[in-house]
Structure formats: C-alpha cells, structure tokens
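Novice: This is the structure I have questions about; it appears just below.
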Amino acid sequence: MFACPSCSGELRFDPATQKMKCAHCQGDFDPQEIASQNENKKILATGRQTFEAYRFTCPQCGGELLTDDTTAATFCNYCGSSDLLEGRLTDEKCPDYVIPFKITKLDCMRAYRGLLRRSLFAPKDFRLDTNVERFRGIYMPYWVYGFSTRGPVHTTGTTEYRRGDYVYTDHYDVDFQVSETCEGLSYDASSKFSDSLSGAIAPFDMQDAEDFKPTYLSGFYADMSDVDYNVYEDKGKSLVAKDCSYRAMRKLRTKSSLNREKLEKQLKPKNTQVQMGLFPVWFLANRNADGKSVCYAVVNGQTGKIAADIPMDYKKFLLGTLLFTLPIFVLLNLAFTLSPLMVTTIAGFAAIVAMFLINRQMNRIYNRHTMLDDEGYVKIHGKRELPLSEKEAKRLRKKEQKRLEKSEKTGLQIAILLLGYSFIGMLLFVLRFLDVREQFSDFFAIALFFYILVGFPIVVSRFVRLIKGKPKSMQDISSRKDSVERWSFKRKAFLKPVAALLACILVGLFHPVSDLYYYGIVVACLLLVGWSFLDIMRSHNELTCRPLPQFDKRGGQEYENR
C-alpha cells in the first residue's frame, strides 16, 4: 500500500487521470515520483529487480493473483468461486513494461451492458448488476517480441505471356538486400488467460508503455507468467516473415510470380529480443448455476475493446425464431408457388446447412473442452481429457487399440477392392438407365444410391490407410487418437441432419404419386433439422460456457531463468 504524502491516506492509481489519487484528501500525485519515494529494491542473482506484493491463491482452482492490498480477495476471477483467497507476502520479479489502465471500471461496465443489449437472447442472470459489478482490473502478463533480419535475399520468379498460339514462360533470379525490424508483437504469457479471449481484445499500443513501477498496480491485481517465451516465438517469426514477403513483393512492383515460400523462408527473422510486459485487462467470470462451467467477459483496459462468452436462452431463442419465421413464410407463400419437389429440395438444403454448422461447432467445442485452442495452456498442463463416461472411455480405448493393431491393406488388395467396386457400380448404373425391365428401374436406382453412399467411403478409407501406413512415432499415435476422439465426440450430432437428408433423397428417387408422401417426409425432415438446430444452439452454449479451470500453483519460473 502506498501512503499519501499529504495525509497518509491510501493512494490508488486512477485510470481517468493517470495519477495516483488519495481516497481521503483527493490529492493527485505522479506515479513515478511516488514509486521513487517508496523504492525498496532487491536485486536477484540474474540482475533482475523484484517488488513486494501479496500473492492470493484460489483454494478451488489454484489460480493466483498479485496485489499490493493486504485485504483478502473475496472471489476468484478464473473459476468464479466466492471463497476467500489465501494470501501471503512475496517478492516478485519486476517485468520490463507496464501499460497503465485508461478505461475505468464504469466505462467497462457500460461497454458490457451495451454488448448485452445487442445480445437479444442473452440469459436474464447475465444482466444483473451484482454480476456486472464483479469486473476486476488485472494486469495480464504478455511476452513482447522484437524481431530483426538483415542480409542478402535470393529468390526466383516466373513471367508468363502469350504470343499468337504460344505461351512463353520466363524464369529469372531476384536478388536484393533486406534490413527489417519488427517490435511490439505480443502474446499472452498466462495459461489462465485463454488465447481466444486475448486474441479477441488485441492489440495493445506499445506507445503507452511505461517502465514498470509497483505504483501502477495500486488498486488493481496482476497475474504472472507461467508460459515459456519460446511457445509463441515461431508463430511470431512466421507472421513477420509473411508480412515482410508481402511488402517486398509490393515494393518490387512486378506482375510476375515470385517463389513466395522461398522468399518467406529467407525473410524469417534471425534475431529475437523478448521482454515481459503487464497489459491492462478488465476481467469478469460468471459461474453458471450448475457450478460446472464459467463464462468470461474481458475488456481491453487501454482501448475498451470487449469480448465475452454469452450463452443463449432457449425460450428467448424459440420465441424469436417463431416471430422471425412466420412473416417470411407468409411472404414466400404469396410470392411463390411451392411444389412438393421444391419443398423437399429446400428441406434437404437445410439439412446440409445443419451438417456444416454442426461439424464446425463441434470441432470448436472439442478444441475448447480439450484446451487445444490455447497453446500456452497445452504447453504447461497438456491436453485436457474429455469428460467421458466409463463406458464411452472403454469403447474409445478399444477402438484406438484395434486401429493401431489392424494390419494395413496391401496395394493388390486395394486394387481388387477398387475393381470390384467399379464393376458393380457400372452394372447398377447401366441397368438403371437401360430400363430393360421398367418395374426394376427404381430398385436399381436406390441400389446404386446406397452403393455409392456406403461403398465409396470404404474405398477412400482404405486408400487413406494405405497412404498413412502404421504410426511411426508417439506424435503420430497421438494425432490418430485425437482424430478418433474428435469423431466420437461429434458423430451423434450428425445423425439427425443425415437422416433428414437421406429422407429427402429417397423421396426424390421414388417419385411418389401422392403429395402426402412428399409433405409427410418434408415435415419429418424439418422436424429433424429443427432438432439439429437446437443441438447447434446447445453446442453454442457449450462453446461459451467453459469448463471450470484447474491450475497448478506455480508461475514465472521460466522468467527467473531467462
């Protein structure tokens, strides 16, 4: 705690004035001057300074926060627990930079309420003032990279042009000198801060960065790094190389095709400078009523950019869909004459859309549940296991074991399988269109459809197995295990739209005389599609409601060794 020079009251950093403000006499003071007056340096063997702070640890999830306030924290920002956090006085390593808060808590709450007003289907609980007021200012750790590359670059290019009936291709070499520097590229250095959230509120402007002083933490909290700086180093280098190659090609002003892959490889930065910065983030955790998941909202404390996990209320969604659908149905009915075949086609198209959306959402949910969308978390804690029942886990283990032990088909077996598949398919195709016996025409059409539907994936899977061969490393085994888990995770969601699509295709092949068959299939199809869209909404809620975190009680070890 920092004392006021005038009245000895408590000083806190005020984002609105960028000054240290006294809660008693309302005096304003320069943070740098207050820091120099209260300087209490300790120098580590590595040459890095430390500052004194209280480290509060959540007994539920292990999340840790730093502050200069001795008052016990009353809730955890990571798991939403309302238990008192355990605190102890520690010496922490000073980061290199800090970007002070500019957005006040009041501005942050207004931005969040504005986002909720635009989220028509947001649950009522999220709008409660008791939830919104739980925003807490936290300085999140970021690795700040500086990249540079200098030296000669050589690449090749081609130019094509036509003269008469001939197309000419010129091949040539491109040589130039490069001197590029990129500074201020940052990635979050905490496994507690999801990459999806940190990326959503980026970027931060390094022009506002100040040399770190503990005074900036007064009235706020801070998290310390537990992700090694080299986790994002290659990603940063690749990003800089792509940007440099793009600007180099623009500067050359040529219509020819340069070897971009070769250019990017040579422009990849060779020198790296890494520093630690604390960036301002307003953080809110809404723990759900089931107590098994949490929804986050974060606001960039410098720019005010906001990102939030907002689930959907089922009742609001169904009512809104009904109110939106009825006028569209009336307008379509007045403007078009819908034939049974057209209605069936529309229903089939809706099933295809549902399949596409389910696949996309389920992949994102799988990545979120296993934390594969957060490189820092996976690097520290590893991939999180799916919450499966014992029966489902046993079935998956058996499937993985069978997949690994199964002998691969030889090229001769693949050729025989493909030959037989082609022969039967051609026979069915010819019998269908020759109409030798008209009464069997529809039978051959249906047989051909199911043969293509079932047989083609089998042949493709055999080819994939032949190409992949047996796993050559633990990484290969892990990749195959992940693909098995991923498919098992999302396969049930596909059953309803696939069944709806098959029903539409079958009624199109049979061409029933009575329209009742069409409309009966269409009603069944639309019910299945509607059910699948409810699954998509449920999957959206699963995507926004993150699993409760579990962290190891550690942080910053790799920073000490730098």
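We name chains A, B, ... following the order of the structure tokens; residues begin at 1 in each chain, and ligands are numbered from 1 as shown.
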Taking the backbone alone, and naming residues the way the document does, which bits of region 10-223 of chain A are strand (DSSP E or B) by DSSP, as a VMD selection string?
Specialist: chain A and resid 10 to 14 19 to 22 28 to 29 42 to 43 49 to 57 64 to 67 86 to 93 97 to 98 136 to 163 166 to 188 210 to 211 221 to 222
Novice: Taking only region 35-205 of chain A into account, list the residues labelled helix (DSSP H, G or I) by DSSP (computed from the backbone), as a ChimeraX atom specification.
Specialist: /A:35-37,105-118,124-127,129-132,195-200
Novice: Sorted by chain and rising residue number, which residues of region 265-292 of chain A lie within 12 Å of region 48-67 of chain A, and what are their closest atom pairs and distances in Å to one decimal, counting only C-alpha atoms, as CSV?
Specialist:
residue,atom,partner,partner_atom,distance
A:Met276,CA,A:Arg48,CA,11.8
A:Leu278,CA,A:Leu66,CA,11.9
A:Gly291,CA,A:Gln60,CA,12.0
Novice: Excluding region 179-191 of chain A and residues on its chain fewer than 2 positions from it, collect all residues at most 8 Å away from it, counting only C-alpha atoms, and give them as a PyMOL selection string.
Specialist: chain A and resi 140-151+177+193-195+198+206+223-229+232+236+240+244+374+376-377+380
Novice: Got a sec: who's within 7 Å of region 489-499 of chain A, counting only C-alpha atoms, leaving out chain neighbours fewer than 5 positions off, as a ChimeraX atom specification?
Specialist: /A:351,354-355,358,362,528-529,532
Novice: Please identify all polymer residues within 9 Å of Met371 (chain A), counting only C-alpha atoms, omitting same-chain residues fewer than 3 positions from it, and present them as a PyMOL selection string.
Specialist: chain A and resi 194+366-368+374-375+377-378+382-384
Novice: Closest to Ala347 (chain A) among A:Gly530, A:Gly320, A:Asn359, A:Lys251, using only C-alpha atoms?
Specialist: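 Closest residue, counting only C-alpha atoms: A:Gly530.
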Novice: What is the distance, in Å and to one decimal place, between CA of Ala307 (chain A) and CA of Ala222 (chain A)?
Specialist: 19.6 Å
Novice: Please indicate the distance in Å from CA of Leu267 (chain A) to CA of Ala241 (chain A), rounded to one decimal place.
Specialist: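 So the answer is 5.3 Å.
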Novice: Residues within 9 Å of Ala524 (chain A), please, as a VMD selection string. Count only C-alpha atoms; anything in the same chain fewer than 5 positions from it doesn't count.
Specialist: chain A and resid 500 503 519 529
Novice: Take the residues from that selection and write them out as a PDB file, in the first residue's frame, keeping C-alpha atoms.
Specialist:
ATOM      1  CA  ALA A 500     -33.188 -35.808 -42.811  1.00  0.00           C
ATOM      2  CA  ALA A 503     -35.224 -38.977 -46.367  1.00  0.00           C
ATOM      3  CA  TYR A 519     -45.273 -33.454 -47.313  1.00  0.00           C
ATOM      4  CA  VAL A 529     -33.487 -30.248 -38.983  1.00  0.00           C
TER       5      VAL A 529
END
Novice: Calculated over only C-alpha atoms, which of the candidates A:Lys270, A:Thr325, A:Asn363, A:Ala308 has the smallest distance to Val294 (chain A)?
Specialist: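 Of all the options, A:Ala308 lies closest to Val294 (chain A).
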